[in-house]
Amino acid sequence: MTENALGTAGQQAATEATGGDRTATSSPPPGPAGGPAPVDSAQPSTVGGPPPGAGGRPPRPTLGRRALALADSLWRPALVLAAFFAAWWFVAAREYVPNYLVPTPGQVWTTMTDQWSELARHTMVTLYETVLGFVLAAALGLAAAVAIAYSRTLDKALYPIVLFAQVIPKIAIAPLLVVWFGLGLTPKIILAVLIAFFPVVISGVAGLRSTDPELLDLAATMGAGPWRTFRKIRFPNALPHLMAGLKVAVTLAVVGAVVGEFVGASEGLGYVLLLANGNLDAPLLFADLILMSAIGIVLFVLVEIAEALLIPWHASRRAGVSLTTS
């Protein structure tokens, strides 16, 4: 197949993907004598998008428009959080629940500021365990997904083992990891890997298997080898599924690191949580929970940014695209 034929096939696939609407709207209606009707150059076209800028591209949004878009996406969750904190303050201030069980937001803030240096040190320990566990889980999960998707033998051999490893309660094997690897960072990182590994594998396998067979046949016809097919077709096509799995995995990695700190640790937010629970220090316990949540939210946002940079072409990343049928 020549390059011209490949280009023709690509144009035909793009036309079919748009449903032929653009082709239908771009052809002028017939005139009185059967020919094309005259086109009024003064009337603006309703087919295209915004007017192109320099080089035929649509103008880039200004800084003010980006700020407005950011504010539009943040005011709803900010309103929900404000309502939650208002209800929390009302319940705690009126002492509908005793303060030794539910402290006021002011008490939590005071505890967090007074013990900030110590809490920051424990937060960095948990953050290090979480990030390293997530990175290892992403690498190992992607490798396992590629092996399962490309080999039927490995699929039958590895998939049941991955499922078996997932259904084992991780809190049950945490003491065993401490016995094997000691009280250092290693068992916490391994536990974070074990918890975050499964969603990466499942999403990676689903993405790699969702490639259009016609694209694979076209690549084979053009003489592309397995590595080039993976790099140009399979992996880009699997990125939407894979990024969804990574967003789940990064939050689970926080859980794995904290669970590992529950069993045997002398530092980390999980260790602080055990101390606060043993001393019935509710403000410290709430402050610790807020810091754990902050780690998960920040890492999730970073993965979300990476997704926006890697797959800006996907339908879920386009502004103004409705994901509902209504």
# chains A, B, ... in the order shown; residues from 1 in each chain; ligands from 1
>>> closest_atom_pairs(of="stretch 101-165 of chain A", to="stretch 280-287 of chain A", cutoff="10 Å", atoms="only C-alpha atoms", output="tab-separated table")
residue	atom	partner	partner_atom	distance
A:Leu101	CA	A:Ala282	CA	6.0
A:Val102	CA	A:Ala282	CA	6.6
A:Pro103	CA	A:Pro283	CA	5.8
A:Thr104	CA	A:Pro283	CA	8.0
A:Pro105	CA	A:Pro283	CA	8.4
A:Gly106	CA	A:Pro283	CA	9.2
A:Gln107	CA	A:Pro283	CA	6.1
A:Val108	CA	A:Pro283	CA	4.6
A:Trp109	CA	A:Ala287	CA	7.5
A:Thr110	CA	A:Pro283	CA	8.5
A:Thr111	CA	A:Leu284	CA	6.2
A:Met112	CA	A:Ala287	CA	6.0
A:Thr113	CA	A:Ala287	CA	9.7
A:Gln115	CA	A:Leu284	CA	8.9
A:Trp116	CA	A:Ala287	CA	10.0
A:Leu119	CA	A:Ala287	CA	8.8
>>> residues_around(residues="A:His241", least_positions_apart="4", cutoff="10 Å", atoms="only C-alpha atoms", output="CSV table (one decimal) with N, CA and C atoms, in the first residue's frame")
chain,number,residue,atom,x,y,z
A,200,VAL,N,-4.0,-0.7,37.7
A,200,VAL,CA,-3.1,-0.4,36.6
A,200,VAL,C,-3.2,-1.5,35.6
A,202,ILE,N,-5.6,-3.9,35.2
A,202,ILE,CA,-6.9,-4.0,34.6
A,202,ILE,C,-7.1,-3.0,33.5
A,203,SER,N,-6.8,-1.7,33.8
A,203,SER,CA,-7.0,-0.6,32.9
A,203,SER,C,-6.1,-0.8,31.7
A,204,GLY,N,-4.8,-1.2,31.9
A,204,GLY,CA,-3.9,-1.4,30.8
A,204,GLY,C,-4.3,-2.5,29.9
A,205,VAL,N,-4.8,-3.6,30.4
A,205,VAL,CA,-5.2,-4.7,29.6
A,205,VAL,C,-6.5,-4.3,28.7
A,206,ALA,N,-7.4,-3.6,29.4
A,206,ALA,CA,-8.6,-3.1,28.7
A,206,ALA,C,-8.2,-2.2,27.6
A,207,GLY,N,-7.3,-1.3,27.8
A,207,GLY,CA,-6.9,-0.3,26.8
A,207,GLY,C,-6.2,-1.0,25.6
A,208,LEU,N,-5.3,-1.9,25.9
A,208,LEU,CA,-4.5,-2.5,24.9
A,208,LEU,C,-5.4,-3.4,24.0
A,210,SER,N,-8.5,-2.8,23.3
A,210,SER,CA,-9.6,-2.1,22.7
A,210,SER,C,-9.1,-1.5,21.3
A,237,ASN,N,-3.7,4.4,21.9
A,237,ASN,CA,-5.1,4.1,22.0
A,237,ASN,C,-5.5,3.6,23.4
A,245,GLY,N,-7.0,4.2,35.2
A,245,GLY,CA,-6.5,3.3,36.2
A,245,GLY,C,-5.4,3.9,37.1
A,246,LEU,N,-4.6,4.8,36.5
A,246,LEU,CA,-3.6,5.5,37.3
A,246,LEU,C,-4.2,6.4,38.3
>>> atom_distance(atom1="atom CA of A:Ala137", atom2="atom CA of A:Gly256")
11.4 Å
>>> closest_residue(among="A:Pro213, A:Gly141, A:Ser117, A:Ala93", to="A:Leu242", atoms="only C-alpha atoms")
A:Gly141
>>> closest_residue(among="A:Val259, A:Leu185, A:Leu299, A:Glu214", to="A:Pro169", atoms="only C-alpha atoms")
A:Val259
>>> residues_around(residues="A:Val193", least_positions_apart="2", cutoff="7 Å", atoms="only C-alpha atoms", output="PDB file with all heavy atoms, in the first residue's frame")
ATOM      1  N   GLY A 133       5.851   3.984  45.835  1.00  0.00           N
ATOM      2  CA  GLY A 133       4.989   2.833  45.614  1.00  0.00           C
ATOM      3  C   GLY A 133       4.134   2.976  44.378  1.00  0.00           C
ATOM      4  O   GLY A 133       3.937   2.012  43.621  1.00  0.00           O
ATOM      5  N   PHE A 134       3.630   4.186  44.123  1.00  0.00           N
ATOM      6  CA  PHE A 134       2.805   4.411  42.934  1.00  0.00           C
ATOM      7  C   PHE A 134       3.619   4.266  41.662  1.00  0.00           C
ATOM      8  O   PHE A 134       3.153   3.655  40.684  1.00  0.00           O
ATOM      9  CB  PHE A 134       2.178   5.799  43.010  1.00  0.00           C
ATOM     10  CG  PHE A 134       1.529   6.235  41.731  1.00  0.00           C
ATOM     11  CD1 PHE A 134       0.362   5.637  41.279  1.00  0.00           C
ATOM     12  CD2 PHE A 134       2.089   7.248  40.974  1.00  0.00           C
ATOM     13  CE1 PHE A 134      -0.238   6.044  40.095  1.00  0.00           C
ATOM     14  CE2 PHE A 134       1.511   7.658  39.789  1.00  0.00           C
ATOM     15  CZ  PHE A 134       0.344   7.057  39.352  1.00  0.00           C
ATOM     16  N   LEU A 136       6.364   2.501  41.152  1.00  0.00           N
ATOM     17  CA  LEU A 136       6.660   1.085  40.946  1.00  0.00           C
ATOM     18  C   LEU A 136       5.416   0.316  40.509  1.00  0.00           C
ATOM     19  O   LEU A 136       5.490  -0.549  39.621  1.00  0.00           O
ATOM     20  CB  LEU A 136       7.229   0.482  42.226  1.00  0.00           C
ATOM     21  CG  LEU A 136       8.619   0.964  42.643  1.00  0.00           C
ATOM     22  CD1 LEU A 136       9.008   0.366  43.984  1.00  0.00           C
ATOM     23  CD2 LEU A 136       9.649   0.605  41.582  1.00  0.00           C
ATOM     24  N   ALA A 137       4.281   0.619  41.110  1.00  0.00           N
ATOM     25  CA  ALA A 137       3.040  -0.056  40.709  1.00  0.00           C
ATOM     26  C   ALA A 137       2.674   0.267  39.270  1.00  0.00           C
ATOM     27  O   ALA A 137       2.197  -0.614  38.527  1.00  0.00           O
ATOM     28  CB  ALA A 137       1.910   0.346  41.658  1.00  0.00           C
ATOM     29  N   ILE A 189       6.385   0.544  51.259  1.00  0.00           N
ATOM     30  CA  ILE A 189       6.407   0.733  49.811  1.00  0.00           C
ATOM     31  C   ILE A 189       5.840  -0.498  49.108  1.00  0.00           C
ATOM     32  O   ILE A 189       5.070  -0.391  48.143  1.00  0.00           O
ATOM     33  CB  ILE A 189       7.837   1.039  49.346  1.00  0.00           C
ATOM     34  CG1 ILE A 189       8.303   2.379  49.935  1.00  0.00           C
ATOM     35  CG2 ILE A 189       7.922   1.073  47.829  1.00  0.00           C
ATOM     36  CD1 ILE A 189       9.758   2.691  49.673  1.00  0.00           C
ATOM     37  N   ILE A 190       6.209  -1.692  49.590  1.00  0.00           N
ATOM     38  CA  ILE A 190       5.684  -2.923  48.983  1.00  0.00           C
ATOM     39  C   ILE A 190       4.172  -2.996  49.132  1.00  0.00           C
ATOM     40  O   ILE A 190       3.446  -3.381  48.200  1.00  0.00           O
ATOM     41  CB  ILE A 190       6.358  -4.152  49.620  1.00  0.00           C
ATOM     42  CG1 ILE A 190       7.844  -4.194  49.260  1.00  0.00           C
ATOM     43  CG2 ILE A 190       5.675  -5.440  49.185  1.00  0.00           C
ATOM     44  CD1 ILE A 190       8.600  -5.328  49.903  1.00  0.00           C
ATOM     45  N   LEU A 191       3.670  -2.602  50.274  1.00  0.00           N
ATOM     46  CA  LEU A 191       2.223  -2.626  50.482  1.00  0.00           C
ATOM     47  C   LEU A 191       1.519  -1.623  49.570  1.00  0.00           C
ATOM     48  O   LEU A 191       0.445  -1.899  49.033  1.00  0.00           O
ATOM     49  CB  LEU A 191       1.906  -2.328  51.943  1.00  0.00           C
ATOM     50  CG  LEU A 191       0.581  -2.868  52.476  1.00  0.00           C
ATOM     51  CD1 LEU A 191       0.526  -4.382  52.328  1.00  0.00           C
ATOM     52  CD2 LEU A 191       0.396  -2.486  53.931  1.00  0.00           C
ATOM     53  N   ILE A 195      -1.303  -2.684  46.620  1.00  0.00           N
ATOM     54  CA  ILE A 195      -2.661  -2.130  46.557  1.00  0.00           C
ATOM     55  C   ILE A 195      -2.898  -1.376  45.249  1.00  0.00           C
ATOM     56  O   ILE A 195      -3.981  -1.445  44.662  1.00  0.00           O
ATOM     57  CB  ILE A 195      -2.914  -1.219  47.771  1.00  0.00           C
ATOM     58  CG1 ILE A 195      -2.952  -2.056  49.051  1.00  0.00           C
ATOM     59  CG2 ILE A 195      -4.214  -0.447  47.624  1.00  0.00           C
ATOM     60  CD1 ILE A 195      -3.257  -1.262  50.300  1.00  0.00           C
ATOM     61  N   ALA A 196      -1.896  -0.653  44.761  1.00  0.00           N
ATOM     62  CA  ALA A 196      -2.071   0.165  43.551  1.00  0.00           C
ATOM     63  C   ALA A 196      -1.829  -0.605  42.266  1.00  0.00           C
ATOM     64  O   ALA A 196      -2.092  -0.081  41.174  1.00  0.00           O
ATOM     65  CB  ALA A 196      -1.131   1.371  43.608  1.00  0.00           C
ATOM     66  N   PHE A 197      -1.348  -1.832  42.352  1.00  0.00           N
ATOM     67  CA  PHE A 197      -0.960  -2.596  41.173  1.00  0.00           C
ATOM     68  C   PHE A 197      -2.168  -3.037  40.348  1.00  0.00           C
ATOM     69  O   PHE A 197      -2.161  -2.945  39.114  1.00  0.00           O
ATOM     70  CB  PHE A 197      -0.152  -3.818  41.625  1.00  0.00           C
ATOM     71  CG  PHE A 197       0.256  -4.754  40.530  1.00  0.00           C
ATOM     72  CD1 PHE A 197       1.277  -4.431  39.657  1.00  0.00           C
ATOM     73  CD2 PHE A 197      -0.390  -5.964  40.371  1.00  0.00           C
ATOM     74  CE1 PHE A 197       1.657  -5.296  38.650  1.00  0.00           C
ATOM     75  CE2 PHE A 197      -0.023  -6.844  39.369  1.00  0.00           C
ATOM     76  CZ  PHE A 197       1.002  -6.509  38.510  1.00  0.00           C
ATOM     77  N   ALA A 253      -2.513   4.120  46.555  1.00  0.00           N
ATOM     78  CA  ALA A 253      -1.147   4.070  47.065  1.00  0.00           C
ATOM     79  C   ALA A 253      -1.032   4.770  48.418  1.00  0.00           C
ATOM     80  O   ALA A 253      -0.245   4.348  49.279  1.00  0.00           O
ATOM     81  CB  ALA A 253      -0.188   4.700  46.059  1.00  0.00           C
TER      82      ALA A 253
END
>>> closest_residue(among="A:Ala308, A:Val91, A:Val301, A:Leu291", to="A:Ala120", atoms="only C-alpha atoms")
A:Leu291
>>> residues_around(residues="stretch 171-177 of chain A", least_positions_apart="6", cutoff="7 Å", atoms="only C-alpha atoms", output="PDB file with all heavy atoms, in the first residue's frame")
ATOM      1  N   PRO A 187       8.655  -2.346  53.731  1.00  0.00           N
ATOM      2  CA  PRO A 187       7.318  -2.957  53.769  1.00  0.00           C
ATOM      3  C   PRO A 187       6.195  -1.982  53.423  1.00  0.00           C
ATOM      4  O   PRO A 187       5.188  -2.386  52.832  1.00  0.00           O
ATOM      5  CB  PRO A 187       7.197  -3.475  55.206  1.00  0.00           C
ATOM      6  CG  PRO A 187       8.234  -2.776  55.972  1.00  0.00           C
ATOM      7  CD  PRO A 187       9.325  -2.452  55.031  1.00  0.00           C
ATOM      8  N   VAL A 259      -1.518   2.085  55.698  1.00  0.00           N
ATOM      9  CA  VAL A 259      -1.748   0.770  56.302  1.00  0.00           C
ATOM     10  C   VAL A 259      -0.431   0.137  56.718  1.00  0.00           C
ATOM     11  O   VAL A 259      -0.326  -0.491  57.783  1.00  0.00           O
ATOM     12  CB  VAL A 259      -2.525  -0.135  55.323  1.00  0.00           C
ATOM     13  CG1 VAL A 259      -2.526  -1.583  55.805  1.00  0.00           C
ATOM     14  CG2 VAL A 259      -3.943   0.361  55.158  1.00  0.00           C
ATOM     15  N   GLY A 260       0.600   0.301  55.908  1.00  0.00           N
ATOM     16  CA  GLY A 260       1.908  -0.219  56.288  1.00  0.00           C
ATOM     17  C   GLY A 260       2.456   0.463  57.533  1.00  0.00           C
ATOM     18  O   GLY A 260       3.132  -0.183  58.353  1.00  0.00           O
ATOM     19  N   VAL A 263       1.175  -0.997  61.029  1.00  0.00           N
ATOM     20  CA  VAL A 263       1.680  -2.255  61.573  1.00  0.00           C
ATOM     21  C   VAL A 263       2.981  -2.051  62.328  1.00  0.00           C
ATOM     22  O   VAL A 263       3.122  -2.479  63.480  1.00  0.00           O
ATOM     23  CB  VAL A 263       1.850  -3.285  60.441  1.00  0.00           C
ATOM     24  CG1 VAL A 263       2.435  -4.589  60.982  1.00  0.00           C
ATOM     25  CG2 VAL A 263       0.515  -3.537  59.755  1.00  0.00           C
TER      26      VAL A 263
END
>>> closest_atom_pairs(of="stretch 97-207 of chain A", to="stretch 222-230 of chain A", cutoff="12 Å", atoms="only C-alpha atoms", output="Markdown table")
| residue | atom | partner | partner_atom | distance |
| --- | --- | --- | --- | --- |
| A:Val146 | CA | A:Phe230 | CA | 9.5 |
| A:Ala149 | CA | A:Phe230 | CA | 11.2 |
| A:Tyr150 | CA | A:Pro226 | CA | 9.8 |
| A:Gly207 | CA | A:Phe230 | CA | 11.8 |
>>> closest_residue(among="A:Ala138, A:Ala306, A:Leu269, A:Val80", to="A:Leu289", atoms="only C-alpha atoms")
A:Leu269
>>> atom_distance(atom1="atom CA of A:Ser151", atom2="atom CA of A:Pro199")
19.6 Å
>>> residues_around(residues="A:Asp212", least_positions_apart="4", cutoff="12 Å", atoms="only C-alpha atoms", output="PyMOL selection string")
chain A and resi 13+207-208+216-219+233-234+237-238
>>> residues_around(residues="stretch 296-298 of chain A", least_positions_apart="4", cutoff="9 Å", atoms="only C-alpha atoms", output="mmCIF file with N, CA and C atoms, in the first residue's frame")
data_model
loop_
_atom_site.group_PDB
_atom_site.id
_atom_site.type_symbol
_atom_site.label_atom_id
_atom_site.label_comp_id
_atom_site.auth_asym_id
_atom_site.auth_seq_id
_atom_site.Cartn_x
_atom_site.Cartn_y
_atom_site.Cartn_z
ATOM 1 N N VAL A 250 -3.289 5.969 42.254
ATOM 2 C CA VAL A 250 -2.539 6.942 43.048
ATOM 3 C C VAL A 250 -3.228 7.216 44.379
ATOM 4 N N THR A 251 -4.538 7.119 44.407
ATOM 5 C CA THR A 251 -5.234 7.283 45.687
ATOM 6 C C THR A 251 -5.099 6.031 46.550
ATOM 7 N N LEU A 252 -5.086 4.866 45.916
ATOM 8 C CA LEU A 252 -4.896 3.635 46.675
ATOM 9 C C LEU A 252 -3.489 3.516 47.228
ATOM 10 N N ALA A 253 -2.513 4.120 46.555
ATOM 11 C CA ALA A 253 -1.147 4.070 47.065
ATOM 12 C C ALA A 253 -1.032 4.770 48.418
ATOM 13 N N VAL A 254 -1.806 5.836 48.613
ATOM 14 C CA VAL A 254 -1.819 6.502 49.920
ATOM 15 C C VAL A 254 -2.340 5.549 50.986
ATOM 16 N N LEU A 291 -4.306 15.955 56.357
ATOM 17 C CA LEU A 291 -3.047 15.870 55.622
ATOM 18 C C LEU A 291 -3.011 14.639 54.721
ATOM 19 N N MET A 292 -3.543 13.520 55.179
ATOM 20 C CA MET A 292 -3.637 12.334 54.316
ATOM 21 C C MET A 292 -4.479 12.628 53.077
ATOM 22 N N LEU A 302 -2.111 15.912 39.961
ATOM 23 C CA LEU A 302 -0.926 15.776 39.109
ATOM 24 C C LEU A 302 -1.147 14.749 38.002
ATOM 25 N N VAL A 303 -1.789 13.629 38.330
ATOM 26 C CA VAL A 303 -2.104 12.641 37.300
ATOM 27 C C VAL A 303 -3.115 13.210 36.312
#
>>> atom_distance(atom1="atom CA of A:Ile295", atom2="atom CA of A:Val125")
11.3 Å
